[in-house]
Amino acid sequence: MNASPDTAKTPLGELIGRLSALHQKRIDLGLERMHRLLERLGHPERKLPPVIHIAGTNGKGSTLAYLRATLEAAGLRVHAYTSPYLVRINECFRLGRVGGGVLVGDDELRAALEEVERVNAGEAATVFELKTAAAFVLFAQNPADVVLLEVGLGGRLDSTNVIDAPAACVITPVSMDHVDFLGDTLASIAGEKAAIIKRGVPVTCAEQMPEAMAVIEAQAKRMRAPLFAANESWHVNVERGRLVFSDDRGLMDLPAPRLFGRHQFANAGLAIATLRAIPTFKIPHAAFEAGIVGAEWPARMQRLTSGELQSWGPQGSEIWLDGGHNAEGGRVAAAALGDLEERVSRPLVVIAGMMANKDAQGFLANFAGLTRHIIAVPIPDIENAMPVDRLADAARSLGMRVEPAPCIEAALRALAKLAYEVPPRILITGSLYLAGHVLAINGTPPA
């Protein structure tokens, strides 16, 4: 019996597995393979609408979410490429449509990936390079007004750094992360991020540590790129719970972001500054208002109000999910928890799982003044996840009480057996891979 067209299709997971086998390393920074791929594909990266290129250590995804929501509120069609995904690879590719973008469908994504696989002809390439090439194919095939392009790792040698003349370059806060690939000083990491700056292209920059800012300023000057830096060219303040943005063009009084945490005011401000720095973009005030309150970005201080996890934990507890995984990510999550504690006081429990190459002590230290109760969990089905005992040792070194649990469900059920006078506030954090697992088992994957 002949297979039907549907059953003959390669499952996406099988296709990604095949592509992943083309290179012995998961990460191998460099642009030679990417240039070769794009040439064979007929240079789809040269057929795109205006591109906004976003680098940085923390806040890239949230800043992109504000950009997308604002541009869509202005009636524009917006393609977006982000990484990593949380539950399904389709999350990395959002196609612009009138009225709001959609995640790419399985058939369209499969076709793009198979086209990239075909022209690659079995040569060595990382799965991220192949995936990025597929994004350019998809974005060139589908009409849109803007492309939002998030750097995967670093900037200088990242697969996305093949756009010669973007409409704008964005640099979110730079901090210590991926030191094995980007260098072990803030200046070296900032240099990798700042290398996305292109000649004459406006650059918007979040508030930075002085050593990072010096590198970014020097690169912008070298490339004769107009630099719009936080607290210099533009400012964000919180007044009466609202976001007040000001630059040399005036003042904007906007609602507070729906995304939770005081750092989200800065991320939203960076998005506003970026759109105001592009001369060809004329975004009305109403679109900024709608974008600030409409932006969504899962696993960034996301409260889980429905799903399986609610039935496992203590009755009446709050469950929050955050994919932060470095010291700075821990700092902003801890600050958000501090704000929550001021509003409504609850005992805090942190359930953490991390990757083996992360600084667990530096991350967990942010929570030492907020809680002494840590539950260490593994990240299932992920290579190079940190062993639970190593994560527990990092917590103990900070004077925190730590218990291991074999999985998220076991951790929550153990908490449900404890006697709390006030239901606790539970933060699940430490890795985007863990966050993706949580959203999957909760039954609430990104739409």
# chains A, B, ... in the order shown; residues from 1 in each chain; ligands from 1
$ residues_around --residues "range 306-319 of chain A" --least-positions-apart "2" --cutoff "10 Å" --atoms "only C-alpha atoms" --output "number ranges by chain"
A: 301-304, 321, 346-349, 408-420, 422-428, 438-444
$ select_by_dssp --residues "range 151-383 of chain A" --states "strand (DSSP E)" --output "JSON, numbers by chain"
{"A": [168, 169, 170, 171, 203, 204, 205, 227, 228, 229, 234, 235, 236, 237, 238, 239, 242, 243, 244, 245, 246, 247, 250, 251, 252, 253, 254, 302, 303, 318, 319, 320, 321, 322, 348, 349, 350, 351, 352, 373, 374, 375, 376]}
$ closest_residue --among "A:Asn120, A:Asn326, A:Ser397, A:Ser431" --to "Gly353 in chain A" --atoms "only C-alpha atoms"
A:Ser431
$ residues_around --residues "range 158-171 of chain A" --least-positions-apart "6" --cutoff "8 Å" --atoms "only C-alpha atoms" --output "PyMOL selection string"
chain A and resi 29-31+34-35+45-46+50-56+128-129+132+149-152+193-194+196-199+201-206+274+277-278
$ residues_around --residues "Arg224 in chain A" --least-positions-apart "2" --cutoff "7 Å" --atoms "only C-alpha atoms" --output "number ranges by chain"
A: 199-200, 220-222, 226
$ write_last_selection --atoms "N, CA, C and O atoms" --output "short mmCIF file (atom, residue, chain, number, x, y, z; two decimals), in the first residue's frame"
data_model
loop_
_atom_site.label_atom_id
_atom_site.label_comp_id
_atom_site.auth_asym_id
_atom_site.auth_seq_id
_atom_site.Cartn_x
_atom_site.Cartn_y
_atom_site.Cartn_z
N ARG A 199 28.23 49.98 9.70
CA ARG A 199 28.62 51.35 9.35
C ARG A 199 27.39 52.22 9.06
O ARG A 199 26.57 51.90 8.21
N GLY A 200 27.29 53.31 9.83
CA GLY A 200 26.24 54.29 9.61
C GLY A 200 24.86 53.90 10.11
O GLY A 200 23.91 54.68 9.96
N ALA A 220 30.92 51.90 18.02
CA ALA A 220 29.99 52.78 17.31
C ALA A 220 30.75 53.92 16.63
O ALA A 220 30.47 54.28 15.48
N LYS A 221 31.73 54.47 17.33
CA LYS A 221 32.54 55.55 16.76
C LYS A 221 33.33 55.05 15.57
O LYS A 221 33.43 55.71 14.52
N ARG A 222 33.89 53.85 15.71
CA ARG A 222 34.69 53.26 14.62
C ARG A 222 33.84 53.06 13.37
O ARG A 222 34.30 53.25 12.24
N PRO A 226 25.43 56.24 14.58
CA PRO A 226 24.82 57.06 15.63
C PRO A 226 24.42 56.19 16.82
O PRO A 226 23.74 55.18 16.65
#
$ atom_distance --atom1 "CA of Gly369 in chain A" --atom2 "CA of Ala334 in chain A"
9.2 Å
$ select_by_dssp --residues "range 248-427 of chain A" --states "alpha helix (DSSP H)" --output "compact mmCIF listing (two decimals) with C-alpha atoms, in the first residue's frame"
# COMPACT_ATOMS: atom_id res chain seq x y z
CA HIS A 263 13.69 45.52 34.57
CA GLN A 264 10.85 45.36 32.06
CA PHE A 265 10.53 49.15 32.14
CA ALA A 266 14.12 49.36 30.87
CA ASN A 267 13.52 46.68 28.21
CA ALA A 268 10.40 48.50 27.02
CA GLY A 269 12.32 51.79 26.95
CA LEU A 270 15.02 50.22 24.78
CA ALA A 271 12.37 49.08 22.30
CA ILE A 272 10.80 52.55 22.22
CA ALA A 273 14.21 54.19 21.70
CA THR A 274 14.96 51.79 18.84
CA LEU A 275 11.78 52.55 16.94
CA ARG A 276 12.29 56.29 17.42
CA ALA A 277 15.89 56.01 16.15
CA HIS A 285 1.63 57.10 20.23
CA ALA A 286 -1.32 54.68 20.42
CA ALA A 287 0.86 51.87 19.01
CA PHE A 288 3.47 52.43 21.71
CA GLU A 289 0.73 52.26 24.35
CA ALA A 290 -0.69 49.04 22.91
CA GLY A 291 2.74 47.49 22.46
CA ILE A 292 3.88 48.09 26.02
CA VAL A 293 0.82 46.43 27.55
CA GLY A 294 0.40 43.81 24.83
CA GLU A 308 -1.11 20.69 35.87
CA LEU A 309 1.34 22.36 38.27
CA GLN A 310 -1.47 24.05 40.17
CA SER A 311 -2.81 20.65 41.24
CA TRP A 312 0.60 19.42 42.45
CA ALA A 327 24.04 36.05 37.75
CA GLU A 328 22.38 39.07 36.15
CA GLY A 329 19.28 37.06 35.25
CA GLY A 330 19.07 35.93 38.85
CA ARG A 331 19.42 39.51 40.04
CA VAL A 332 16.46 40.82 38.06
CA ALA A 333 14.29 37.84 39.05
CA ALA A 334 15.18 38.38 42.72
CA ALA A 335 14.35 42.09 42.40
CA ALA A 336 10.95 41.17 40.94
CA LEU A 337 10.33 38.79 43.83
CA GLY A 338 11.28 41.55 46.25
CA ASP A 339 8.64 43.78 44.67
CA LEU A 340 6.06 40.99 45.00
CA GLU A 341 6.98 40.52 48.66
CA GLU A 342 6.38 44.21 49.33
CA ARG A 343 2.90 43.93 47.83
CA ALA A 360 25.22 28.15 40.01
CA GLN A 361 26.63 29.94 43.06
CA GLY A 362 26.56 33.33 41.33
CA PHE A 363 22.98 32.73 40.21
CA LEU A 364 21.61 31.43 43.51
CA VAL A 388 21.54 17.78 41.25
CA ASP A 389 24.21 17.17 43.89
CA ARG A 390 26.49 19.83 42.37
CA LEU A 391 23.64 22.36 42.30
CA ALA A 392 22.79 21.45 45.91
CA ASP A 393 26.41 22.00 46.97
CA ALA A 394 26.35 25.49 45.44
CA ALA A 395 23.22 26.34 47.44
CA ARG A 396 24.68 24.93 50.68
CA ILE A 408 9.26 19.14 39.22
CA GLU A 409 6.15 17.15 40.13
CA ALA A 410 7.90 15.50 43.08
CA ALA A 411 9.20 18.88 44.28
CA LEU A 412 5.73 20.45 44.22
CA ARG A 413 4.06 17.44 45.84
CA ALA A 414 6.66 17.52 48.64
CA LEU A 415 5.84 21.20 49.25
CA ALA A 416 2.12 20.36 49.32
$ residues_around --residues "range 6-23 of chain A" --least-positions-apart "5" --cutoff "9 Å" --atoms "only C-alpha atoms" --output "PyMOL selection string"
chain A and resi 28+89+106-107+109-110+113-114+117+122-128+130
$ decode --residues "range 96-127 of chain A" --atoms "N, CA, C and O atoms" --output "CSV table (one decimal), in the first residue's frame"
chain,number,residue,atom,x,y,z
A,96,GLY,N,5.2,37.3,9.8
A,96,GLY,CA,4.3,38.4,9.9
A,96,GLY,C,3.0,38.3,9.1
A,96,GLY,O,3.0,37.7,8.0
A,97,ARG,N,1.9,38.7,9.7
A,97,ARG,CA,0.6,38.7,9.0
A,97,ARG,C,-0.1,40.0,9.4
A,97,ARG,O,0.2,40.6,10.5
A,98,VAL,N,-1.0,40.4,8.6
A,98,VAL,CA,-1.8,41.5,8.9
A,98,VAL,C,-2.7,41.2,10.1
A,98,VAL,O,-3.3,40.1,10.1
A,99,GLY,N,-2.6,42.0,11.1
A,99,GLY,CA,-3.4,41.7,12.4
A,99,GLY,C,-2.6,40.9,13.4
A,99,GLY,O,-3.1,40.7,14.5
A,100,GLY,N,-1.4,40.5,13.1
A,100,GLY,CA,-0.5,39.8,14.1
A,100,GLY,C,0.1,38.6,13.5
A,100,GLY,O,-0.5,37.9,12.7
A,101,GLY,N,1.4,38.3,13.9
A,101,GLY,CA,2.1,37.2,13.4
A,101,GLY,C,1.7,35.9,13.9
A,101,GLY,O,0.9,35.8,14.8
A,102,VAL,N,2.1,34.8,13.2
A,102,VAL,CA,1.8,33.5,13.6
A,102,VAL,C,3.1,32.6,13.6
A,102,VAL,O,4.0,32.9,12.8
A,103,LEU,N,3.2,31.6,14.5
A,103,LEU,CA,4.3,30.7,14.4
A,103,LEU,C,4.2,29.9,13.1
A,103,LEU,O,3.1,29.5,12.7
A,104,VAL,N,5.3,29.6,12.6
A,104,VAL,CA,5.4,28.9,11.3
A,104,VAL,C,4.7,27.5,11.5
A,104,VAL,O,4.9,26.9,12.5
A,105,GLY,N,4.0,27.1,10.5
A,105,GLY,CA,3.4,25.7,10.5
A,105,GLY,C,4.4,24.6,10.2
A,105,GLY,O,5.5,24.9,9.6
A,106,ASP,N,4.1,23.4,10.6
A,106,ASP,CA,5.1,22.3,10.5
A,106,ASP,C,5.5,22.1,9.0
A,106,ASP,O,6.6,21.9,8.7
A,107,ASP,N,4.5,22.1,8.1
A,107,ASP,CA,4.8,21.9,6.7
A,107,ASP,C,5.7,22.9,6.1
A,107,ASP,O,6.6,22.6,5.4
A,108,GLU,N,5.4,24.2,6.4
A,108,GLU,CA,6.2,25.3,5.8
A,108,GLU,C,7.7,25.2,6.4
A,108,GLU,O,8.6,25.4,5.7
A,109,LEU,N,7.8,24.9,7.7
A,109,LEU,CA,9.1,24.9,8.3
A,109,LEU,C,9.8,23.7,7.8
A,109,LEU,O,11.0,23.8,7.5
A,110,ARG,N,9.2,22.5,7.7
A,110,ARG,CA,9.8,21.3,7.1
A,110,ARG,C,10.4,21.6,5.7
A,110,ARG,O,11.5,21.3,5.4
A,111,ALA,N,9.6,22.3,4.9
A,111,ALA,CA,10.0,22.6,3.5
A,111,ALA,C,11.3,23.4,3.5
A,111,ALA,O,12.2,23.2,2.7
A,112,ALA,N,11.3,24.4,4.4
A,112,ALA,CA,12.5,25.3,4.4
A,112,ALA,C,13.7,24.6,4.9
A,112,ALA,O,14.8,24.7,4.3
A,113,LEU,N,13.5,23.8,5.9
A,113,LEU,CA,14.7,23.1,6.5
A,113,LEU,C,15.2,22.0,5.5
A,113,LEU,O,16.4,21.8,5.3
A,114,GLU,N,14.3,21.4,4.8
A,114,GLU,CA,14.7,20.4,3.8
A,114,GLU,C,15.4,21.1,2.6
A,114,GLU,O,16.3,20.5,2.0
A,115,GLU,N,15.0,22.3,2.2
A,115,GLU,CA,15.7,23.0,1.2
A,115,GLU,C,17.1,23.3,1.6
A,115,GLU,O,18.1,23.2,0.8
A,116,VAL,N,17.3,23.8,2.9
A,116,VAL,CA,18.6,24.1,3.4
A,116,VAL,C,19.4,22.8,3.5
A,116,VAL,O,20.6,22.8,3.1
A,117,GLU,N,18.8,21.7,3.9
A,117,GLU,CA,19.5,20.4,3.9
A,117,GLU,C,20.0,20.0,2.5
A,117,GLU,O,21.1,19.5,2.4
A,118,ARG,N,19.1,20.2,1.6
A,118,ARG,CA,19.5,19.8,0.2
A,118,ARG,C,20.7,20.6,-0.3
A,118,ARG,O,21.6,20.0,-0.9
A,119,VAL,N,20.7,21.9,-0.2
A,119,VAL,CA,21.8,22.7,-0.7
A,119,VAL,C,23.1,22.5,0.1
A,119,VAL,O,24.2,22.7,-0.4
A,120,ASN,N,22.9,22.2,1.4
A,120,ASN,CA,24.1,21.9,2.2
A,120,ASN,C,24.9,20.7,1.8
A,120,ASN,O,26.1,20.6,2.0
A,121,ALA,N,24.1,19.7,1.3
A,121,ALA,CA,24.7,18.5,0.6
A,121,ALA,C,25.6,17.7,1.6
A,121,ALA,O,26.6,17.2,1.2
A,122,GLY,N,25.1,17.6,2.9
A,122,GLY,CA,25.9,16.8,3.8
A,122,GLY,C,27.1,17.4,4.4
A,122,GLY,O,27.8,16.7,5.1
A,123,GLU,N,27.4,18.6,4.1
A,123,GLU,CA,28.7,19.2,4.6
A,123,GLU,C,28.5,19.6,6.1
A,123,GLU,O,27.3,19.8,6.6
A,124,ALA,N,29.6,19.8,6.8
A,124,ALA,CA,29.5,20.2,8.2
A,124,ALA,C,28.8,21.5,8.4
A,124,ALA,O,29.1,22.5,7.7
A,125,ALA,N,27.8,21.6,9.3
A,125,ALA,CA,27.2,22.8,9.7
A,125,ALA,C,26.4,22.5,11.0
A,125,ALA,O,25.9,21.4,11.2
A,126,THR,N,26.4,23.6,11.8
A,126,THR,CA,25.7,23.4,13.1
A,126,THR,C,24.2,23.5,12.8
A,126,THR,O,23.8,24.1,11.9
A,127,VAL,N,23.4,22.9,13.7
A,127,VAL,CA,22.0,23.0,13.6
A,127,VAL,C,21.5,24.4,13.7
A,127,VAL,O,20.5,24.8,13.0
